[in-house]
>>> print(open('work.csv').read())   # CSV, C-alpha atoms
chain,number,residue,atom,x,y,z
A,62,MET,CA,67.7,91.7,106.4
A,63,THR,CA,67.2,87.9,105.9
A,64,ASP,CA,70.6,87.0,104.4
A,65,THR,CA,72.8,85.2,106.9
A,66,ALA,CA,76.0,86.2,105.3
A,67,ASP,CA,75.0,89.9,105.4
A,68,PHE,CA,74.0,89.5,109.0
A,69,LEU,CA,77.3,88.0,110.0
A,70,ARG,CA,79.1,90.9,108.4
A,71,LEU,CA,77.7,93.1,111.2
A,72,ARG,CA,80.9,92.2,113.1
A,73,GLU,CA,82.9,94.1,110.5
A,74,GLN,CA,81.1,97.3,111.1
A,75,ALA,CA,83.0,99.9,113.1
A,76,PRO,CA,81.6,100.8,116.5
A,77,ALA,CA,80.2,104.3,117.0
A,78,PRO,CA,82.5,106.8,118.8
A,79,GLY,CA,82.4,106.4,122.5
A,80,LEU,CA,82.3,108.5,125.6
A,81,ASP,CA,85.1,111.0,126.0
A,82,PRO,CA,85.8,111.0,129.7
A,83,GLY,CA,87.8,114.2,129.5
A,84,ARG,CA,84.8,116.2,128.4
A,85,PRO,CA,81.8,117.2,130.6
A,86,CYS,CA,78.6,115.4,129.5
A,87,TRP,CA,75.0,116.6,129.3
A,88,ILE,CA,72.4,113.9,129.7
A,89,PHE,CA,69.3,113.9,127.5
A,90,GLY,CA,66.5,112.9,130.0
A,91,ALA,CA,66.4,113.5,133.7
A,92,GLY,CA,64.3,110.5,134.5
A,93,SER,CA,65.4,107.3,136.3
A,94,PHE,CA,67.8,106.0,133.7
A,95,GLY,CA,69.2,109.4,133.0
A,96,ARG,CA,69.9,109.9,136.7
A,97,SER,CA,71.5,106.4,136.9
A,98,LEU,CA,73.8,107.4,134.0
A,99,ALA,CA,74.8,110.5,135.8
A,100,SER,CA,75.6,108.7,139.0
A,101,ALA,CA,77.6,106.0,137.0
A,102,MET,CA,79.6,108.6,135.2
A,103,GLN,CA,80.4,110.6,138.4
A,104,ALA,CA,81.5,107.3,140.1
A,105,GLN,CA,84.1,107.0,137.3
A,106,GLY,CA,85.2,110.6,137.5
A,107,ILE,CA,83.4,111.8,134.4
A,108,ALA,CA,82.0,115.3,134.8
A,109,VAL,CA,78.3,115.6,134.3
A,110,ALA,CA,77.4,119.2,133.5
A,111,GLY,CA,73.6,118.7,133.7
A,112,PHE,CA,70.5,117.4,132.0
A,113,VAL,CA,68.5,118.5,129.1
A,114,GLU,CA,64.7,117.9,128.5
A,115,THR,CA,62.3,119.2,125.9
A,116,ALA,CA,60.0,120.5,128.6
A,117,PRO,CA,61.9,120.5,131.9
A,118,ARG,CA,59.7,119.5,134.9
A,119,THR,CA,62.2,120.9,137.3
A,120,ASN,CA,65.2,123.3,137.3
A,121,ALA,CA,67.6,120.8,138.9
A,122,ALA,CA,68.2,117.1,139.3
A,123,LEU,CA,70.9,115.5,141.5
A,124,GLY,CA,72.1,119.0,142.2
A,125,LEU,CA,72.7,119.7,138.5
A,126,PRO,CA,70.9,122.1,136.2
A,127,VAL,CA,68.1,120.9,133.9
A,128,LEU,CA,67.9,123.0,130.7
A,129,ASP,CA,65.7,123.0,127.6
A,130,TRP,CA,67.2,122.6,124.1
A,131,SER,CA,67.4,126.2,123.2
A,132,ALA,CA,69.2,127.0,126.5
A,133,LEU,CA,71.7,124.2,126.0
A,134,ALA,CA,72.3,125.3,122.4
A,135,ARG,CA,73.2,128.8,123.7
A,136,GLU,CA,75.3,127.5,126.7
A,137,ALA,CA,77.1,124.6,125.1
A,138,PRO,CA,76.6,124.3,121.3
A,139,GLN,CA,79.2,121.5,121.0
A,140,ALA,CA,78.0,119.7,124.1
A,141,GLN,CA,78.8,116.0,124.6
A,142,LEU,CA,75.3,114.5,124.8
A,143,ALA,CA,74.3,111.2,126.3
A,144,LEU,CA,70.9,109.7,125.7
A,145,GLY,CA,69.5,109.0,129.2
A,146,ILE,CA,66.2,107.5,128.1
A,147,PHE,CA,65.7,103.7,128.1
A,148,ASN,CA,62.2,102.5,127.6
A,149,ARG,CA,59.6,101.4,125.1
A,150,ASP,CA,57.7,104.7,125.0
A,151,THR,CA,59.3,106.8,122.3
A,152,PRO,CA,61.4,105.4,119.5
A,153,TYR,CA,65.0,106.5,119.4
A,154,ASP,CA,64.9,107.6,115.8
A,155,GLN,CA,62.3,110.2,116.8
A,156,LEU,CA,64.3,111.3,119.9
A,157,MET,CA,67.4,111.8,117.8
A,158,ALA,CA,65.6,114.6,115.8
A,159,LEU,CA,65.3,116.8,118.9
A,160,PRO,CA,69.0,117.7,119.4
A,161,ALA,CA,69.4,117.9,115.6
A,162,ALA,CA,66.7,120.5,115.5
A,163,ALA,CA,68.5,122.5,118.1
A,164,GLY,CA,71.8,122.4,116.1
A,165,LEU,CA,73.4,120.1,118.6
A,166,PRO,CA,75.6,117.0,117.9
A,167,PRO,CA,73.8,113.6,118.1
A,168,PRO,CA,73.8,112.0,121.5
A,169,LEU,CA,75.8,108.9,122.5
A,170,MET,CA,73.3,106.0,122.6
A,171,PRO,CA,72.6,103.7,125.6
A,172,TRP,CA,74.4,100.7,124.0
A,173,THR,CA,77.6,102.9,123.6
A,174,LEU,CA,77.3,104.3,127.1
A,175,TYR,CA,76.8,100.8,128.6
A,176,GLU,CA,80.2,99.6,127.5
A,177,PRO,CA,82.3,101.7,130.0
A,178,LEU,CA,79.6,101.9,132.6
A,179,ALA,CA,78.3,98.3,132.8
A,180,GLN,CA,79.5,97.5,136.3
A,181,ALA,CA,78.0,100.7,137.7
A,182,LEU,CA,74.7,100.4,135.8
A,183,GLY,CA,74.2,96.7,136.4
A,184,TRP,CA,71.4,94.7,134.7
A,185,ARG,CA,69.5,96.8,132.2
A,186,PHE,CA,67.3,94.4,130.3
A,187,TRP,CA,68.8,93.9,126.8
A,188,LEU,CA,71.7,96.4,127.1
A,189,SER,CA,75.1,94.6,126.8
A,190,THR,CA,78.6,95.2,125.8
A,191,ARG,CA,79.2,95.1,122.1
A,192,ALA,CA,81.5,92.1,122.5
A,193,LEU,CA,78.8,89.9,124.1
A,194,LEU,CA,76.4,90.5,121.2
A,195,LEU,CA,79.1,90.0,118.5
A,196,ASP,CA,80.2,86.8,120.2
A,197,GLY,CA,76.6,85.5,119.9
A,198,LEU,CA,76.2,86.2,116.2
A,199,GLU,CA,77.0,82.7,115.1
A,200,ARG,CA,74.5,81.2,117.5
A,201,ILE,CA,71.9,83.7,116.5
A,202,ALA,CA,72.4,82.8,112.8
A,203,GLN,CA,71.8,79.1,113.8
A,204,VAL,CA,68.6,80.1,115.6
A,205,ALA,CA,67.4,81.8,112.5
A,206,GLN,CA,67.6,78.6,110.5
A,207,ARG,CA,64.9,77.1,112.8
A,208,LEU,CA,62.5,80.0,112.5
A,209,ALA,CA,59.3,79.4,110.6
A,210,ASP,CA,59.0,82.5,108.4
A,211,ALA,CA,61.0,85.3,106.8
A,212,GLU,CA,59.5,87.9,109.1
A,213,SER,CA,60.9,86.1,112.2
A,214,VAL,CA,64.4,85.9,110.7
A,215,ARG,CA,64.3,89.6,109.6
A,216,THR,CA,63.1,90.6,113.1
A,217,LEU,CA,65.8,88.7,114.8
A,218,TYR,CA,68.6,90.1,112.6
A,219,ARG,CA,67.3,93.7,112.9
A,220,ILE,CA,67.1,93.5,116.7
A,221,CYS,CA,70.8,92.6,116.7
A,222,ALA,CA,71.7,95.4,114.2
A,223,PHE,CA,69.7,97.9,116.2
A,224,ARG,CA,71.4,97.0,119.4
A,225,LEU,CA,74.8,97.4,117.7
A,226,GLY,CA,73.8,100.9,116.6
A,227,LEU,CA,73.6,99.9,112.9
A,228,ASP,CA,69.8,100.1,112.3
A,229,MET,CA,68.3,103.1,113.9
A,230,GLY,CA,65.2,102.8,111.9
A,231,TYR,CA,64.3,99.6,113.8
A,232,ALA,CA,63.6,101.7,116.9
A,233,SER,CA,60.2,102.6,115.6
A,234,PHE,CA,59.3,99.3,114.0
A,235,ARG,CA,56.5,97.2,115.5
A,236,SER,CA,54.9,94.0,114.0
A,237,ALA,CA,51.4,94.2,112.6
A,238,ASP,CA,50.6,91.1,114.8
A,239,ARG,CA,49.1,91.8,118.2
A,240,GLN,CA,51.1,90.8,121.2
A,241,TYR,CA,50.5,87.2,122.5
A,242,PHE,CA,47.1,86.6,121.0
A,243,ASN,CA,47.4,86.8,117.2
A,244,ALA,CA,47.3,84.9,113.9
A,245,LEU,CA,50.2,82.8,115.1
A,246,THR,CA,48.8,81.6,118.3
A,247,LEU,CA,45.0,81.8,118.2
A,248,PRO,CA,44.2,79.2,115.5
A,249,ALA,CA,45.9,76.5,117.6
A,250,LEU,CA,43.6,77.3,120.5
A,251,GLN,CA,40.2,77.4,118.9
A,252,GLY,CA,37.6,74.7,119.0
A,253,ARG,CA,38.0,73.7,122.7
A,254,ALA,CA,37.9,75.2,126.1
A,255,ILE,CA,41.5,75.9,127.0
A,256,THR,CA,43.6,76.2,130.1
A,257,TYR,CA,45.8,79.3,130.3
A,258,VAL,CA,48.9,79.9,132.5
A,259,ASP,CA,50.2,83.5,132.8
A,260,CYS,CA,53.5,83.9,134.5
A,261,GLY,CA,54.0,87.6,135.1
A,262,ALA,CA,50.3,88.3,135.0
A,263,TYR,CA,50.7,92.0,136.2
A,264,ASP,CA,47.1,93.2,136.8
A,265,GLY,CA,45.4,90.7,134.6
A,266,ASP,CA,45.6,92.8,131.4
A,267,SER,CA,46.7,90.0,129.2
A,268,PHE,CA,44.1,87.6,130.7
A,269,GLY,CA,41.4,90.2,129.9
A,270,GLU,CA,42.6,90.4,126.3
A,271,LEU,CA,42.5,86.6,126.0
A,272,LEU,CA,38.9,86.5,127.2
A,273,ALA,CA,38.0,89.2,124.6
A,274,GLN,CA,39.3,87.1,121.6
A,275,PRO,CA,36.5,85.8,119.4
A,276,GLY,CA,36.3,82.0,119.2
A,277,ILE,CA,38.4,81.5,122.4
A,278,ALA,CA,36.8,79.7,125.4
A,279,CYS,CA,38.9,79.7,128.6
A,280,ALA,CA,37.9,76.9,130.9
A,281,GLN,CA,40.4,77.8,133.6
A,282,ALA,CA,43.3,80.1,134.1
A,283,PHE,CA,46.3,80.2,136.5
A,284,LEU,CA,47.7,83.7,136.9
A,285,LEU,CA,51.1,84.1,138.7
A,286,GLU,CA,52.2,87.5,139.9
A,287,PRO,CA,54.9,87.9,142.6
A,288,ASP,CA,54.9,91.7,143.0
A,289,PRO,CA,52.6,92.6,146.0
A,290,ALA,CA,51.2,95.8,144.5
A,291,ASN,CA,50.5,94.1,141.1
A,292,TYR,CA,49.0,91.1,142.8
A,293,ALA,CA,46.5,93.2,144.7
A,294,ARG,CA,45.3,94.7,141.4
A,295,LEU,CA,45.3,91.3,139.8
A,296,THR,CA,43.0,89.8,142.4
A,297,GLN,CA,40.6,92.8,142.1
A,298,HIS,CA,40.4,92.4,138.3
A,299,ALA,CA,40.6,88.6,137.8
A,300,ALA,CA,39.9,86.6,141.0
A,301,ALA,CA,36.4,85.8,140.0
A,302,GLN,CA,37.5,84.2,136.8
A,303,ALA,CA,40.9,82.7,137.5
A,304,VAL,CA,43.2,81.2,140.1
A,305,CYS,CA,45.5,84.1,141.2
A,306,LEU,CA,48.7,83.1,142.9
A,307,PRO,CA,51.3,85.4,144.5
A,308,LEU,CA,54.2,83.3,143.1
A,309,ALA,CA,57.1,83.5,140.7
A,310,ALA,CA,57.8,80.8,138.2
A,311,ALA,CA,61.2,79.1,138.4
A,312,ASP,CA,62.9,75.8,137.9
A,313,ALA,CA,62.2,74.6,141.5
A,314,HIS,CA,60.4,75.5,144.7
A,315,CYS,CA,62.6,78.2,146.3
A,316,SER,CA,62.6,81.7,147.8
A,317,LEU,CA,63.8,84.5,145.5
A,318,THR,CA,64.2,88.2,145.9
A,319,PHE,CA,62.1,90.8,144.0
A,320,ASN,CA,64.3,93.7,143.2
A,321,ALA,CA,62.3,96.7,142.1
A,322,GLY,CA,64.6,98.7,139.8
A,323,GLN,CA,64.3,102.1,138.1
A,324,GLY,CA,62.2,102.6,135.0
A,325,GLU,CA,62.6,99.5,132.7
A,326,ALA,CA,64.6,97.6,135.3
A,327,CYS,CA,63.2,95.2,137.9
A,328,THR,CA,63.8,91.5,138.3
A,329,VAL,CA,63.4,88.4,140.4
A,330,MET,CA,66.7,86.9,141.5
A,331,LYS,CA,68.2,84.4,144.0
A,332,GLU,CA,70.0,87.1,146.0
A,333,GLY,CA,69.2,90.8,146.5
A,334,ALA,CA,67.9,93.4,148.8
A,335,GLY,CA,64.2,93.3,148.0
A,336,PRO,CA,61.4,91.4,149.8
A,337,PRO,CA,61.4,87.6,149.5
A,338,VAL,CA,59.2,85.9,146.9
A,339,THR,CA,58.1,82.3,146.8
A,340,ALA,CA,58.9,80.6,143.5
A,341,VAL,CA,57.6,77.3,142.1
A,342,ALA,CA,58.1,75.1,139.1
A,343,LEU,CA,55.1,74.8,136.9
A,344,ASP,CA,55.7,71.0,136.7
A,345,ALA,CA,55.1,70.9,140.5
A,346,LEU,CA,52.3,73.4,140.5
A,347,LEU,CA,50.3,71.7,137.7
A,348,PRO,CA,51.4,68.1,137.6
A,349,GLY,CA,48.3,66.6,136.1
A,350,THR,CA,46.6,69.7,134.6
A,351,PRO,CA,46.2,69.9,130.8
A,352,VAL,CA,47.6,73.3,129.7
A,353,ASP,CA,47.0,74.8,126.3
A,354,LEU,CA,48.7,78.2,126.5
A,355,ILE,CA,51.6,79.6,128.6
A,356,LYS,CA,52.7,83.2,128.6
A,357,LEU,CA,56.0,84.1,130.2
A,358,ASP,CA,56.9,87.8,130.9
A,359,ILE,CA,58.9,87.5,134.1
A,360,GLU,CA,61.8,90.0,134.0
A,361,GLY,CA,64.6,87.8,132.9
A,362,ALA,CA,63.6,84.5,134.6
A,363,GLU,CA,62.0,83.0,131.5
A,364,ALA,CA,64.7,80.3,131.1
A,365,GLN,CA,64.3,79.2,134.7
A,366,ALA,CA,60.5,78.9,134.3
A,367,LEU,CA,60.9,77.0,131.1
A,368,ARG,CA,63.2,74.5,132.7
A,369,GLY,CA,60.7,74.1,135.5
A,370,ALA,CA,58.0,73.3,132.9
A,371,ARG,CA,59.8,70.8,130.8
A,372,GLN,CA,57.5,67.9,131.7
A,373,LEU,CA,54.4,70.0,131.2
A,374,ILE,CA,55.6,71.2,127.8
A,375,ARG,CA,56.4,67.6,126.7
A,376,ARG,CA,53.1,66.3,128.1
A,377,CYS,CA,50.7,69.0,127.0
A,378,ARG,CA,52.4,70.6,123.9
A,379,PRO,CA,51.0,74.0,124.8
A,380,VAL,CA,51.4,77.2,122.7
A,381,LEU,CA,54.1,79.3,124.3
A,382,ALA,CA,54.6,83.1,124.2
A,383,VAL,CA,58.0,83.9,125.8
A,384,SER,CA,59.4,87.4,126.3
A,385,LEU,CA,62.7,87.8,124.5
A,386,TYR,CA,64.1,91.1,125.6
A,387,HIS,CA,64.9,90.9,129.3
A,388,ASN,CA,68.5,89.7,128.9
A,389,PRO,CA,70.9,90.3,125.9
A,390,GLN,CA,71.7,86.6,125.6
A,391,ASP,CA,67.9,85.7,125.5
A,392,LEU,CA,68.1,86.2,121.7
A,393,TRP,CA,69.9,82.9,121.3
A,394,GLU,CA,69.6,81.1,124.6
A,395,LEU,CA,65.8,81.1,124.9
A,396,PRO,CA,65.2,79.8,121.4
A,397,GLU,CA,67.9,77.2,121.9
A,398,LEU,CA,66.2,76.1,125.1
A,399,LEU,CA,62.8,76.0,123.5
A,400,PHE,CA,64.1,74.0,120.5
A,401,ALA,CA,65.3,71.4,122.9
A,402,LEU,CA,62.2,71.3,125.0
A,403,CYS,CA,59.6,71.4,122.2
A,404,GLY,CA,61.4,69.3,119.6
A,405,GLU,CA,60.5,69.1,115.9
A,406,GLY,CA,56.7,69.3,116.4
A,407,TYR,CA,56.7,73.1,116.8
A,408,ARG,CA,56.9,76.2,114.6
A,409,PHE,CA,58.9,79.1,116.0
A,410,HIS,CA,58.3,82.8,115.3
A,411,ILE,CA,59.6,86.1,116.6
A,412,ARG,CA,57.6,89.3,116.6
A,413,GLN,CA,58.4,92.8,117.7
A,414,HIS,CA,55.7,94.6,119.8
A,415,GLY,CA,57.3,97.6,121.3
A,416,PHE,CA,59.6,100.4,120.4
A,417,ASN,CA,63.4,100.3,120.8
A,418,SER,CA,63.4,96.4,120.7
A,419,PHE,CA,61.4,96.1,123.9
A,420,ASP,CA,58.5,93.6,123.9
A,421,SER,CA,59.9,91.2,121.5
A,422,VAL,CA,58.3,87.8,121.9
A,423,LEU,CA,59.3,84.3,120.9
A,424,TYR,CA,56.3,82.2,119.9
A,425,ALA,CA,56.3,78.4,119.9
A,426,VAL,CA,53.2,76.8,118.2
A,427,PRO,CA,52.6,73.1,118.0
A,428,ARG,CA,52.2,71.7,114.5
A,429,GLN,CA,49.0,69.8,113.9
A,430,GLY,CA,49.4,66.1,113.5
A,431,PHE,CA,52.5,65.8,115.8
A,432,SER,CA,52.3,64.1,119.2
>>> encode(input="work.csv", output="structure tokens")
Amino acid sequence: MTDTADFLRLREQAPAPGLDPGRPCWIFGAGSFGRSLASAMQAQGIAVAGFVETAPRTNAALGLPVLDWSALAREAPQAQLALGIFNRDTPYDQLMALPAAAGLPPPLMPWTLYEPLAQALGWRFWLSTRALLLDGLERIAQVAQRLADAESVRTLYRICAFRLGLDMGYASFRSADRQYFNALTLPALQGRAITYVDCGAYDGDSFGELLAQPGIACAQAFLLEPDPANYARLTQHAAAQAVCLPLAAADAHCSLTFNAGQGEACTVMKEGAGPPVTAVALDALLPGTPVDLIKLDIEGAEAQALRGARQLIRRCRPVLAVSLYHNPQDLWELPELLFALCGEGYRFHIRQHGFNSFDSVLYAVPRQGFS
């Protein structure tokens, strides 16, 4: 899908049937998100009959039975099913085949379930109400006009269609380009020794991939990772080759809270119950350092980090790789922000690197000849 008129017609598509609060619900998946769904339903008076898994690891979860597919088909052949799996590991179009093979109805999808349960479930990466995404369609279409290639436009539009439940096949789509270091970003980095900044460095895995790229020489690297456990692994793997900092990136020096969530849900925020984390603006951290490449994968704080690097971006014109899936509004707000910070001298691309629209990345690459 690259036609804007066709894309905007997504708002005319009828929503999928929703949760029937008068019927007991069986939840497909007894992991962290499935258990969160069960608790959210119970808090709203919706009966949860139990869980179903392909190969149950336990007989019970939250005091409820955990059955396999054949047992559920015998006990409740017309069960109301809810998909309690929310991660990048297995594409949803493959998971949908499991209840179908058992002769059971298709499960309600996470985006349908989120609508009535949003307050109880809280922030869940890109999950949103249908209205929020529909209200953003015009801005998304405007973003598409600034993207540099048809694949980026198609990727952006299909992400939206998938999250509205209108393109299930997109669940298993992944770009042929490697994440972060690929044909979009590497040509602009060759021929000189570069400085790399990694916000959300985890255990140094991305830094290691960068060092392995042929034709790339890394003169210095600054790796920021606020999670204590991840930071310990980072220093073990990368301290000899990079400056490792137990910091979060933000728009100013401040103290934030690291909230470890469940499954695909953890974030750094200004208020919360987790341990405090020191945050810093990249402009203040690296005021005179030439920077060639910035990677941001910081659990929803990408916009803050970009605002805190506005001077660096204008001064150095680095390549940027920015995660685009941590908040539903990131699809339009992050590109709009980068358009303003980078100006006309950049090309912008979007690529999809994980299943179920996780690991989508916005790439901003400076055009040669612009200053």
>>> residues_around(input="work.csv", residues="segment 156-171 of chain A", least_positions_apart="2", cutoff="9 Å", atoms="only C-alpha atoms", output="PyMOL selection string")
chain A and resi 77-80+88-89+115+130-131+133-134+137-147+151-154+173-176+188+226
>>> closest_residue(input="work.csv", among="A:Ala425, A:Arg412, A:Leu250, A:Glu286", to="Arg215 of chain A", atoms="all atoms listed in the file")
A:Arg412
>>> residues_around(input="work.csv", residues="Asp353 of chain A", least_positions_apart="4", cutoff="6 Å", atoms="only C-alpha atoms", output="ChimeraX atom specification")
/A:255-256,379
>>> residues_around(input="work.csv", residues="segment 362-376 of chain A", least_positions_apart="6", cutoff="10 Å", atoms="only C-alpha atoms", output="ChimeraX atom specification")
/A:260-261,309-314,328-330,340-356,383-385,387-388,391,394-396,398-399,401-404,432
>>> write_last_selection(input="work.csv", atoms="C-alpha atoms", output="PDB file, keeping the file's coordinate frame")
ATOM      1  CA  CYS A 260      53.500  83.900 134.500  1.00  0.00           C
ATOM      2  CA  GLY A 261      54.000  87.600 135.100  1.00  0.00           C
ATOM      3  CA  ALA A 309      57.100  83.500 140.700  1.00  0.00           C
ATOM      4  CA  ALA A 310      57.800  80.800 138.200  1.00  0.00           C
ATOM      5  CA  ALA A 311      61.200  79.100 138.400  1.00  0.00           C
ATOM      6  CA  ASP A 312      62.900  75.800 137.900  1.00  0.00           C
ATOM      7  CA  ALA A 313      62.200  74.600 141.500  1.00  0.00           C
ATOM      8  CA  HIS A 314      60.400  75.500 144.700  1.00  0.00           C
ATOM      9  CA  THR A 328      63.800  91.500 138.300  1.00  0.00           C
ATOM     10  CA  VAL A 329      63.400  88.400 140.400  1.00  0.00           C
ATOM     11  CA  MET A 330      66.700  86.900 141.500  1.00  0.00           C
ATOM     12  CA  ALA A 340      58.900  80.600 143.500  1.00  0.00           C
ATOM     13  CA  VAL A 341      57.600  77.300 142.100  1.00  0.00           C
ATOM     14  CA  ALA A 342      58.100  75.100 139.100  1.00  0.00           C
ATOM     15  CA  LEU A 343      55.100  74.800 136.900  1.00  0.00           C
ATOM     16  CA  ASP A 344      55.700  71.000 136.700  1.00  0.00           C
ATOM     17  CA  ALA A 345      55.100  70.900 140.500  1.00  0.00           C
ATOM     18  CA  LEU A 346      52.300  73.400 140.500  1.00  0.00           C
ATOM     19  CA  LEU A 347      50.300  71.700 137.700  1.00  0.00           C
ATOM     20  CA  PRO A 348      51.400  68.100 137.600  1.00  0.00           C
ATOM     21  CA  GLY A 349      48.300  66.600 136.100  1.00  0.00           C
ATOM     22  CA  THR A 350      46.600  69.700 134.600  1.00  0.00           C
ATOM     23  CA  PRO A 351      46.200  69.900 130.800  1.00  0.00           C
ATOM     24  CA  VAL A 352      47.600  73.300 129.700  1.00  0.00           C
ATOM     25  CA  ASP A 353      47.000  74.800 126.300  1.00  0.00           C
ATOM     26  CA  LEU A 354      48.700  78.200 126.500  1.00  0.00           C
ATOM     27  CA  ILE A 355      51.600  79.600 128.600  1.00  0.00           C
ATOM     28  CA  LYS A 356      52.700  83.200 128.600  1.00  0.00           C
ATOM     29  CA  VAL A 383      58.000  83.900 125.800  1.00  0.00           C
ATOM     30  CA  SER A 384      59.400  87.400 126.300  1.00  0.00           C
ATOM     31  CA  LEU A 385      62.700  87.800 124.500  1.00  0.00           C
ATOM     32  CA  HIS A 387      64.900  90.900 129.300  1.00  0.00           C
ATOM     33  CA  ASN A 388      68.500  89.700 128.900  1.00  0.00           C
ATOM     34  CA  ASP A 391      67.900  85.700 125.500  1.00  0.00           C
ATOM     35  CA  GLU A 394      69.600  81.100 124.600  1.00  0.00           C
ATOM     36  CA  LEU A 395      65.800  81.100 124.900  1.00  0.00           C
ATOM     37  CA  PRO A 396      65.200  79.800 121.400  1.00  0.00           C
ATOM     38  CA  LEU A 398      66.200  76.100 125.100  1.00  0.00           C
ATOM     39  CA  LEU A 399      62.800  76.000 123.500  1.00  0.00           C
ATOM     40  CA  ALA A 401      65.300  71.400 122.900  1.00  0.00           C
ATOM     41  CA  LEU A 402      62.200  71.300 125.000  1.00  0.00           C
ATOM     42  CA  CYS A 403      59.600  71.400 122.200  1.00  0.00           C
ATOM     43  CA  GLY A 404      61.400  69.300 119.600  1.00  0.00           C
ATOM     44  CA  SER A 432      52.300  64.100 119.200  1.00  0.00           C
TER      45      SER A 432
END
>>> atom_distance(input="work.csv", atom1="atom CA of Arg70 of chain A", atom2="atom CA of Ala179 of chain A")
25.5 Å
>>> residues_around(input="work.csv", residues="segment 269-283 of chain A", least_positions_apart="4", cutoff="7 Å", atoms="only C-alpha atoms", output="PyMOL selection string")
chain A and resi 242+250-251+253-259+265+303-305
>>> atom_distance(input="work.csv", atom1="atom CA of Ala293 of chain A", atom2="atom CA of Ser316 of chain A")
20.0 Å
>>> atom_distance(input="work.csv", atom1="atom CA of Pro126 of chain A", atom2="atom CA of Gly111 of chain A")
5.0 Å
>>> closest_residue(input="work.csv", among="A:Phe416, A:Val338, A:Val422, A:Gln203", to="Met229 of chain A", atoms="all atoms listed in the file")
A:Phe416
>>> residues_around(input="work.csv", residues="Tyr241 of chain A", least_positions_apart="2", cutoff="9 Å", atoms="all atoms listed in the file", output="ChimeraX atom specification")
/A:238-239,243,245-247,267,271,356,381-383,422,424
>>> closest_residue(input="work.csv", among="A:Ile411, A:Leu285, A:Leu357, A:Ala104", to="Gln180 of chain A", atoms="only C-alpha atoms")
A:Ala104
>>> closest_residue(input="work.csv", among="A:Val380, A:Ala121, A:Ala249, A:Ala300", to="Ala91 of chain A", atoms="all atoms listed in the file")
A:Ala121
>>> closest_residue(input="work.csv", among="A:Arg185, A:Arg135, A:Arg428, A:Arg224", to="Phe409 of chain A", atoms="only C-alpha atoms")
A:Arg428
